[in-house]
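Participant: Sharing a structure below in structure tokens format, with a few things to ask.
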Amino acid sequence: MYDAIVIGARCAGSPTAMLLARGGFSVLLVDRATFPSDTISTHILWPHGTEMLGRWRLLDQLTATGAPPICRWMTFDVGPFALRGTVPDVNDGMGGFCPRRTVLDTLLVNAAGESAAEIREGFTVDELLFADDTVVGIRGRSRGGRPVDEHARIVIGADGVKSCVARAVRAAEYDSRPVAACAYYSYFSGVEQDDIELYVRDGCAFGGAPTNDGLHLVMVNWPAGDFPAVRADVDGSVWRALETAPDFAARVRAGRREEKWYGTAGVPGYFRKPFGRGWALVGDASYNRDPITAQGISDAFIDAALLTDALAAGLSGRGDLEELLAGHELARNERVRPMYEFTSHLAMLEPPPPEMQALFVALRYNQDATNAFLSAITGAIPLADFMSDENVGRIMSAARLVEPPVSPSVTS
Ligand SMILES: Cc1cc2nc3c(=O)[nH]c(=O)nc-3n(C[C@H](O)[C@H](O)[C@H](O)COP(=O)(O)OP(=O)(O)OC[C@H]3O[C@@H](n4cnc5c(N)ncnc54)[C@H](O)[C@@H]3O)c2cc1C
């Protein structure tokens, strides 16, 4: 009998297992995947997600993989011009990373193992075990193996969008959003690029960032309805999008594509009730948003930290577990909702509304406000605070007092 069984060993599951094991709980962590292995996901890890790795004493290991830092001088290009800046307020202003999932997820699962969680890779969970209406364990099997039962005080689904735990316990889903955007991405060598670049255009958004092994991630998003046409001609669709930023397109063209195009028709947005009798959900199993704002990995880290705080207190009798988990759900929703709305809107890939365009113009010659904007859209500071009438009013007023420099420092 374990204190906890965690199903899924990537960005949500491994930190959850690691933190519980570090807290002295006995933990079994299982995944049908083996590591290192890839998954369909780009892998922008924003500065606030990177800060979590620092707190867990894993940042040196990530740096040692050779993944270059990003967000030291990032580009957010809105068409007529680009906003450039940094994210100063988290991770000591040291930025984030764009590590391959083969690298990041392996680092995380190893950290869970080093913290004394028991790990079974290549282990598929087929069903949950119930006693009346309470989850008491799992039934699963290693590759080619016979079914085995394992029991725990709590079973945690860190098993992604198609969570078998959420399905088995019929976790209530709310505030769902349909799939809005589809995406393709690949990896190029020989691209002149020091930091992450993001481009927003009518009907598409794209960008790139340096990653491990001297490669550069190149990714493009289109409205979900475009997926059949994009899939029929991925190369042509990608280059048509990239050519709307000629300088970026030229630098990518000067490089060489080293891997195939990876694609997805898109993922829906939803909140799921993340707990019940004997079970909890974390990461994408618990809450999902379109990938366009690249929040999933950082969210999974934060969700793992906050869930394990609640579980540690509940499992050790320092509070009522159900009350603690209810508080965790409320806090999660309050924390992520502004970004959820922003993400859902951005994923529609419609032209920005006039007030947003006016804000972009006002930011153009205001470096502090640009840094705050980049901090807000990456998730380093609360988006709602940045977008408050008071803050936006202050930025607009400041812009009216500023004459654009003769030779602009920020142009596309
Ligand atoms: C196209 C795309 C691009 C993205 N880009 C970014 C980005 O740039 N930055 C960012 O932060 N986020 C991004 N995301 C989101 C990010 O990938 C997810 O939020 C993140 O992977 C969530 O991690 P997780 O651990 O919750 O789930 P997952 O990474 O989905 O891991 C779930 C694990 O559970 C295991 N599992 C499932 N069922 C079982 C079972 N029955 N038995 C055993 N094991 C099981 C799976 O094998 C898997 O390893 C992107 C997503 C997509 C689709």
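We label chains A, B, ... in the order they appear in the structure tokens, count residues from 1 in each chain, and number ligands from 1 in the order shown.
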Could you list, as JSON, numbers by chain, all residues that come within 6 Å of ligand 1? Count only C-alpha atoms and all ligand atoms.

Facilitator: {"A": [7, 8, 9, 10, 11, 12, 13, 30, 31, 32, 33, 40, 41, 42, 43, 44, 45, 123, 124, 125, 126, 158, 159, 160, 163, 164, 183, 264, 283, 284, 285, 291, 294, 295, 296, 297, 298, 300]}

Participant: Since we have the selection now, will you write its residues out, keeping C-alpha atoms, as a compact mmCIF listing (two decimals), in the first residue's frame?

Facilitator:
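This went into selection_27.txt:
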```txt
# COMPACT_ATOMS: atom_id res chain seq x y z
CA ILE A 7 -0.18 7.90 -13.36
CA GLY A 8 1.84 9.82 -15.97
CA ALA A 9 5.48 10.79 -15.51
CA ARG A 10 5.94 13.94 -17.58
CA CYS A 11 5.63 17.64 -16.60
CA ALA A 12 2.84 17.18 -14.05
CA GLY A 13 3.36 13.63 -12.79
CA VAL A 30 3.96 4.83 -13.56
CA ASP A 31 3.90 5.72 -17.25
CA ARG A 32 3.22 3.63 -20.31
CA ALA A 33 6.03 5.59 -22.00
CA ILE A 40 3.50 16.07 -29.36
CA SER A 41 4.31 19.43 -27.83
CA THR A 42 6.53 22.39 -28.40
CA HIS A 43 8.41 23.20 -25.22
CA ILE A 44 8.70 26.86 -24.40
CA LEU A 45 9.35 26.96 -20.68
CA PHE A 123 3.56 0.37 -17.42
CA THR A 124 -0.01 0.97 -18.67
CA VAL A 125 -2.89 1.53 -16.27
CA ASP A 126 -5.98 -0.27 -17.58
CA ALA A 158 -1.19 13.13 -14.33
CA ASP A 159 -2.14 11.34 -17.50
CA GLY A 160 -2.86 14.21 -19.84
CA SER A 163 -6.85 11.06 -18.70
CA CYS A 164 -8.01 7.56 -17.83
CA ALA A 183 -0.28 23.61 -35.28
CA THR A 264 -1.87 18.44 -34.25
CA GLY A 283 -1.57 19.05 -15.19
CA ASP A 284 -3.46 18.67 -18.47
CA ALA A 285 -5.63 15.97 -16.89
CA PRO A 291 -1.03 25.72 -26.58
CA ALA A 294 2.67 27.98 -24.15
CA GLN A 295 1.45 27.81 -20.56
CA GLY A 296 1.03 24.03 -20.19
CA ILE A 297 4.42 23.03 -18.82
CA SER A 298 4.67 25.97 -16.42
CA ALA A 300 1.79 21.72 -14.75
```

Participant: I want to know what sits within 9 Å of Glu350 (chain A), based on only C-alpha atoms, with residues of the same chain fewer than 2 positions away left out; could you give that as a PyMOL selection string?

Facilitator: chain A and resi 201-204+223+345-348+352-353

Participant: Please list as an mmCIF file with N, CA and C atoms, in the first residue's frame every residue within 10 Å of Gly263 (chain A), counting only C-alpha atoms and excluding residues in the same chain fewer than 5 positions away.

Facilitator:
```cif
data_model
loop_
_atom_site.group_PDB
_atom_site.id
_atom_site.type_symbol
_atom_site.label_atom_id
_atom_site.label_comp_id
_atom_site.auth_asym_id
_atom_site.auth_seq_id
_atom_site.Cartn_x
_atom_site.Cartn_y
_atom_site.Cartn_z
ATOM 1 N N ILE A 40 3.891 14.968 -28.461
ATOM 2 C CA ILE A 40 3.500 16.071 -29.360
ATOM 3 C C ILE A 40 3.327 17.343 -28.537
ATOM 4 N N SER A 41 4.345 18.165 -28.573
ATOM 5 C CA SER A 41 4.307 19.431 -27.826
ATOM 6 C C SER A 41 5.541 20.230 -28.182
ATOM 7 N N CYS A 182 -4.898 24.860 -34.886
ATOM 8 C CA CYS A 182 -4.074 23.680 -35.165
ATOM 9 C C CYS A 182 -2.617 24.143 -35.280
ATOM 10 N N ALA A 183 -1.694 23.207 -35.305
ATOM 11 C CA ALA A 183 -0.281 23.611 -35.284
ATOM 12 C C ALA A 183 0.606 22.576 -35.961
ATOM 13 N N TYR A 184 1.688 23.055 -36.541
ATOM 14 C CA TYR A 184 2.790 22.187 -36.983
ATOM 15 C C TYR A 184 4.095 22.802 -36.492
ATOM 16 N N TYR A 185 5.071 21.939 -36.209
ATOM 17 C CA TYR A 185 6.382 22.447 -35.816
ATOM 18 C C TYR A 185 7.468 21.463 -36.231
ATOM 19 N N SER A 186 8.696 21.981 -36.344
ATOM 20 C CA SER A 186 9.843 21.119 -36.641
ATOM 21 C C SER A 186 11.119 21.782 -36.125
ATOM 22 N N MET A 219 7.646 26.911 -35.282
ATOM 23 C CA MET A 219 6.253 26.453 -35.067
ATOM 24 C C MET A 219 5.278 27.438 -35.695
ATOM 25 N N VAL A 220 4.151 26.902 -36.191
ATOM 26 C CA VAL A 220 3.120 27.748 -36.808
ATOM 27 C C VAL A 220 1.746 27.290 -36.318
ATOM 28 N N ASN A 221 0.888 28.252 -36.005
ATOM 29 C CA ASN A 221 -0.506 27.969 -35.624
ATOM 30 C C ASN A 221 -1.443 28.592 -36.655
ATOM 31 N N PHE A 227 -7.100 23.098 -40.751
ATOM 32 C CA PHE A 227 -6.256 21.913 -40.596
ATOM 33 C C PHE A 227 -6.207 21.006 -41.832
ATOM 34 N N VAL A 230 -3.972 22.644 -44.400
ATOM 35 C CA VAL A 230 -2.576 22.706 -43.934
ATOM 36 C C VAL A 230 -1.944 21.323 -44.020
ATOM 37 N N ARG A 231 -2.679 20.308 -43.574
ATOM 38 C CA ARG A 231 -2.123 18.948 -43.586
ATOM 39 C C ARG A 231 -1.834 18.479 -45.005
ATOM 40 N N VAL A 234 1.855 20.843 -45.883
ATOM 41 C CA VAL A 234 2.435 21.429 -44.673
ATOM 42 C C VAL A 234 3.551 22.418 -45.041
#
```

Participant: Please report the interatomic distance between CA of Asn366 (chain A) and CA of Ala399 (chain A) in Å with one decimal.

Facilitator: 7.5 Å

Participant: Enumerate, as an MDAnalysis selection string, the complete set of residues in region 9-231 of chain A that a backbone-based DSSP assignment places in alpha helix (DSSP H).

Facilitator: chainID A and resid 13:22 47:55 59:64 101:114 164:168 227:231

Participant: Generate the output file for the selected residues, C-alpha atoms, as a PDB file, in the first residue's frame.

Facilitator:
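The new file again-v5.pdb reads:
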```
ATOM      1  CA  GLY A  13       3.363  13.631 -12.790  1.00  0.00           C
ATOM      2  CA  SER A  14       7.102  13.533 -12.136  1.00  0.00           C
ATOM      3  CA  PRO A  15       7.169  16.770 -10.073  1.00  0.00           C
ATOM      4  CA  THR A  16       4.083  15.580  -8.152  1.00  0.00           C
ATOM      5  CA  ALA A  17       5.773  12.270  -7.348  1.00  0.00           C
ATOM      6  CA  MET A  18       9.075  14.015  -6.565  1.00  0.00           C
ATOM      7  CA  LEU A  19       7.529  16.531  -4.168  1.00  0.00           C
ATOM      8  CA  LEU A  20       5.459  13.912  -2.329  1.00  0.00           C
ATOM      9  CA  ALA A  21       8.479  11.599  -2.021  1.00  0.00           C
ATOM     10  CA  ARG A  22      10.646  14.470  -0.825  1.00  0.00           C
ATOM     11  CA  PRO A  47      10.736  32.216 -16.865  1.00  0.00           C
ATOM     12  CA  HIS A  48       8.121  31.576 -14.156  1.00  0.00           C
ATOM     13  CA  GLY A  49       8.114  27.839 -14.990  1.00  0.00           C
ATOM     14  CA  THR A  50      11.904  27.864 -15.000  1.00  0.00           C
ATOM     15  CA  GLU A  51      11.820  29.457 -11.566  1.00  0.00           C
ATOM     16  CA  MET A  52       9.966  26.372 -10.299  1.00  0.00           C
ATOM     17  CA  LEU A  53      12.851  24.175 -11.507  1.00  0.00           C
ATOM     18  CA  GLY A  54      15.191  26.472  -9.556  1.00  0.00           C
ATOM     19  CA  ARG A  55      13.099  26.024  -6.415  1.00  0.00           C
ATOM     20  CA  LEU A  59      17.901  24.219 -12.847  1.00  0.00           C
ATOM     21  CA  ASP A  60      21.620  23.426 -12.961  1.00  0.00           C
ATOM     22  CA  GLN A  61      20.770  20.056 -14.508  1.00  0.00           C
ATOM     23  CA  LEU A  62      18.696  21.748 -17.191  1.00  0.00           C
ATOM     24  CA  THR A  63      21.423  24.293 -17.935  1.00  0.00           C
ATOM     25  CA  ALA A  64      23.913  21.429 -18.211  1.00  0.00           C
ATOM     26  CA  ARG A 101      10.743  17.214 -24.149  1.00  0.00           C
ATOM     27  CA  THR A 102      13.090  14.242 -24.510  1.00  0.00           C
ATOM     28  CA  VAL A 103      15.481  16.223 -22.298  1.00  0.00           C
ATOM     29  CA  LEU A 104      13.081  17.929 -19.878  1.00  0.00           C
ATOM     30  CA  ASP A 105      10.804  14.958 -19.181  1.00  0.00           C
ATOM     31  CA  THR A 106      13.772  12.624 -18.621  1.00  0.00           C
ATOM     32  CA  LEU A 107      15.298  15.107 -16.189  1.00  0.00           C
ATOM     33  CA  LEU A 108      11.987  15.250 -14.299  1.00  0.00           C
ATOM     34  CA  VAL A 109      11.442  11.498 -14.119  1.00  0.00           C
ATOM     35  CA  ASN A 110      15.032  11.015 -12.949  1.00  0.00           C
ATOM     36  CA  ALA A 111      14.491  13.653 -10.247  1.00  0.00           C
ATOM     37  CA  ALA A 112      11.411  11.747  -9.075  1.00  0.00           C
ATOM     38  CA  GLY A 113      13.507   8.563  -8.913  1.00  0.00           C
ATOM     39  CA  GLU A 114      16.279  10.317  -6.992  1.00  0.00           C
ATOM     40  CA  CYS A 164      -8.013   7.556 -17.826  1.00  0.00           C
ATOM     41  CA  VAL A 165      -8.473   8.709 -14.225  1.00  0.00           C
ATOM     42  CA  ALA A 166     -10.773  11.589 -15.226  1.00  0.00           C
ATOM     43  CA  ARG A 167     -12.755   9.159 -17.375  1.00  0.00           C
ATOM     44  CA  ALA A 168     -13.024   6.444 -14.704  1.00  0.00           C
ATOM     45  CA  PHE A 227      -6.256  21.913 -40.596  1.00  0.00           C
ATOM     46  CA  PRO A 228      -7.270  19.781 -43.627  1.00  0.00           C
ATOM     47  CA  ALA A 229      -5.719  22.305 -46.045  1.00  0.00           C
ATOM     48  CA  VAL A 230      -2.576  22.706 -43.934  1.00  0.00           C
ATOM     49  CA  ARG A 231      -2.123  18.948 -43.586  1.00  0.00           C
TER      50      ARG A 231
END
```

Participant: Which residues are near Leu217 (chain A)? Cut-off 12 Å, only C-alpha atoms, ignore same chain within fewer than 5 positions. Put them as a VMD selection string.

Facilitator: chain A and resid 41 to 44 67 97 to 101 184 to 191 193 195 to 198 206 to 212 252 255 to 262

Participant: Keeping only C-alpha atoms, write the selected residues to a file as a PDB file, in the first residue's frame.

Facilitator:
```pdb
ATOM      1  CA  SER A  41       4.307  19.431 -27.826  1.00  0.00           C
ATOM      2  CA  THR A  42       6.530  22.393 -28.405  1.00  0.00           C
ATOM      3  CA  HIS A  43       8.409  23.201 -25.224  1.00  0.00           C
ATOM      4  CA  ILE A  44       8.697  26.856 -24.395  1.00  0.00           C
ATOM      5  CA  ALA A  67      19.557  24.324 -23.843  1.00  0.00           C
ATOM      6  CA  PHE A  97      14.397  27.831 -21.781  1.00  0.00           C
ATOM      7  CA  CYS A  98      13.038  25.851 -24.696  1.00  0.00           C
ATOM      8  CA  PRO A  99      14.314  22.348 -23.807  1.00  0.00           C
ATOM      9  CA  ARG A 100      13.334  19.341 -25.904  1.00  0.00           C
ATOM     10  CA  ARG A 101      10.743  17.214 -24.149  1.00  0.00           C
ATOM     11  CA  TYR A 184       2.790  22.187 -36.983  1.00  0.00           C
ATOM     12  CA  TYR A 185       6.382  22.447 -35.816  1.00  0.00           C
ATOM     13  CA  SER A 186       9.843  21.119 -36.641  1.00  0.00           C
ATOM     14  CA  TYR A 187      13.547  21.636 -35.957  1.00  0.00           C
ATOM     15  CA  PHE A 188      16.109  23.474 -38.082  1.00  0.00           C
ATOM     16  CA  SER A 189      19.886  23.742 -37.859  1.00  0.00           C
ATOM     17  CA  GLY A 190      21.856  26.761 -38.965  1.00  0.00           C
ATOM     18  CA  VAL A 191      19.290  29.447 -38.100  1.00  0.00           C
ATOM     19  CA  GLN A 193      18.579  33.298 -33.807  1.00  0.00           C
ATOM     20  CA  ASP A 195      16.279  34.230 -28.473  1.00  0.00           C
ATOM     21  CA  ILE A 196      12.604  33.441 -28.830  1.00  0.00           C
ATOM     22  CA  GLU A 197      10.697  35.283 -31.581  1.00  0.00           C
ATOM     23  CA  LEU A 198       6.892  35.307 -31.835  1.00  0.00           C
ATOM     24  CA  PHE A 206       4.302  31.558 -35.630  1.00  0.00           C
ATOM     25  CA  GLY A 207       7.741  31.772 -34.165  1.00  0.00           C
ATOM     26  CA  GLY A 208      10.857  29.999 -33.141  1.00  0.00           C
ATOM     27  CA  ALA A 209      13.378  29.535 -30.386  1.00  0.00           C
ATOM     28  CA  PRO A 210      16.790  27.940 -29.905  1.00  0.00           C
ATOM     29  CA  THR A 211      16.680  24.509 -28.261  1.00  0.00           C
ATOM     30  CA  ASN A 212      19.060  21.630 -27.471  1.00  0.00           C
ATOM     31  CA  VAL A 252      14.920  29.945 -41.374  1.00  0.00           C
ATOM     32  CA  GLY A 255      19.051  26.817 -42.205  1.00  0.00           C
ATOM     33  CA  ARG A 256      18.130  23.188 -42.803  1.00  0.00           C
ATOM     34  CA  ARG A 257      15.147  21.236 -41.532  1.00  0.00           C
ATOM     35  CA  GLU A 258      16.490  18.265 -39.576  1.00  0.00           C
ATOM     36  CA  GLU A 259      13.258  16.512 -38.575  1.00  0.00           C
ATOM     37  CA  LYS A 260       9.789  15.891 -39.983  1.00  0.00           C
ATOM     38  CA  TRP A 261       6.887  18.269 -39.377  1.00  0.00           C
ATOM     39  CA  TYR A 262       4.990  17.307 -36.217  1.00  0.00           C
TER      40      TYR A 262
END
```

Participant: Neighbours of region 3-6 of chain A within 8 Å (only C-alpha atoms; same-chain residues fewer than 5 positions away dropped), as an mmCIF file with C-alpha atoms, in the first residue's frame?

Facilitator:
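Contents of the output file out.cif:
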```
data_model
loop_
_atom_site.group_PDB
_atom_site.id
_atom_site.type_symbol
_atom_site.label_atom_id
_atom_site.label_comp_id
_atom_site.auth_asym_id
_atom_site.auth_seq_id
_atom_site.Cartn_x
_atom_site.Cartn_y
_atom_site.Cartn_z
ATOM 1 C CA GLY A 13 3.363 13.631 -12.790
ATOM 2 C CA THR A 16 4.083 15.580 -8.152
ATOM 3 C CA ALA A 17 5.773 12.270 -7.348
ATOM 4 C CA PHE A 25 5.422 9.863 1.425
ATOM 5 C CA SER A 26 5.711 6.499 -0.318
ATOM 6 C CA VAL A 27 4.984 7.009 -4.015
ATOM 7 C CA LEU A 28 4.608 4.788 -7.076
ATOM 8 C CA LEU A 29 5.004 6.672 -10.387
ATOM 9 C CA VAL A 30 3.958 4.830 -13.558
ATOM 10 C CA GLY A 137 -5.715 1.610 -6.451
ATOM 11 C CA HIS A 151 -3.140 0.121 -3.810
ATOM 12 C CA ALA A 152 -2.731 3.640 -2.445
ATOM 13 C CA ARG A 153 -4.418 6.198 -0.211
ATOM 14 C CA ILE A 154 -4.713 8.448 -3.265
ATOM 15 C CA VAL A 155 -4.442 7.849 -7.019
ATOM 16 C CA ILE A 156 -3.324 10.904 -8.970
ATOM 17 C CA GLY A 157 -4.050 11.248 -12.680
ATOM 18 C CA ALA A 158 -1.188 13.134 -14.327
ATOM 19 C CA LEU A 315 -2.492 12.946 4.096
#
```

Participant: Any idea what's packed within 7 Å of Glu127 (chain A), counting only C-alpha atoms, ignoring anything in its chain fewer than 3 positions away? Could you give it as a ChimeraX atom specification?

Facilitator: /A:138-140

Participant: For all heavy atoms, I'd like the residues from the last selection saved as a short mmCIF file (atom, residue, chain, number, x, y, z; two decimals), in the first residue's frame.

Facilitator:
```
data_model
loop_
_atom_site.label_atom_id
_atom_site.label_comp_id
_atom_site.auth_asym_id
_atom_site.auth_seq_id
_atom_site.Cartn_x
_atom_site.Cartn_y
_atom_site.Cartn_z
N ILE A 138 -4.92 0.85 -8.57
CA ILE A 138 -4.90 0.72 -10.04
C ILE A 138 -4.70 -0.75 -10.42
O ILE A 138 -4.15 -1.53 -9.66
CB ILE A 138 -3.74 1.54 -10.67
CG1 ILE A 138 -2.37 1.09 -10.11
CG2 ILE A 138 -3.95 3.03 -10.45
CD1 ILE A 138 -1.18 1.65 -10.85
N ARG A 139 -5.17 -1.06 -11.62
CA ARG A 139 -4.82 -2.35 -12.23
C ARG A 139 -4.11 -2.02 -13.54
O ARG A 139 -4.64 -1.25 -14.36
CB ARG A 139 -6.05 -3.19 -12.50
CG ARG A 139 -5.75 -4.50 -13.23
CD ARG A 139 -6.92 -5.47 -13.11
NE ARG A 139 -7.18 -5.80 -11.71
CZ ARG A 139 -8.37 -6.21 -11.23
NH1 ARG A 139 -9.39 -6.34 -12.05
NH2 ARG A 139 -8.52 -6.48 -9.95
N GLY A 140 -2.91 -2.57 -13.71
CA GLY A 140 -2.15 -2.26 -14.93
C GLY A 140 -1.19 -3.38 -15.25
O GLY A 140 -1.20 -4.42 -14.59
#
```

Participant: Could you pull the residues within 10 Å of Tyr174 (chain A), counting only C-alpha atoms, minus those fewer than 2 positions along the same chain, as a count of residues only?

Facilitator: 10

Participant: Interatomic distance between CA of Asp389 (chain A) and CA of Pro351 (chain A)?

Facilitator: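 Separation of CA of Asp389 (chain A) and CA of Pro351 (chain A): 21.2 Å.
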
Participant: Check region 19-248 of chain A with DSSP on the backbone and list each residue it calls strand (DSSP E or B), as a PyMOL selection string.

Facilitator: chain A and resi 27-31+45+69-70+74-77+82-85+96-97+118-121+123-131+134-142+148-157+173-177+181-189+197-201+204-210+216-223

Participant: For a quick check of understanding, using only C-alpha atoms, which of A:Arg400, A:Arg72, A:Arg251, A:Arg337 has the smallest distance to Tyr365 (chain A)?

Facilitator: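 Closest residue, counting only C-alpha atoms: A:Arg400.
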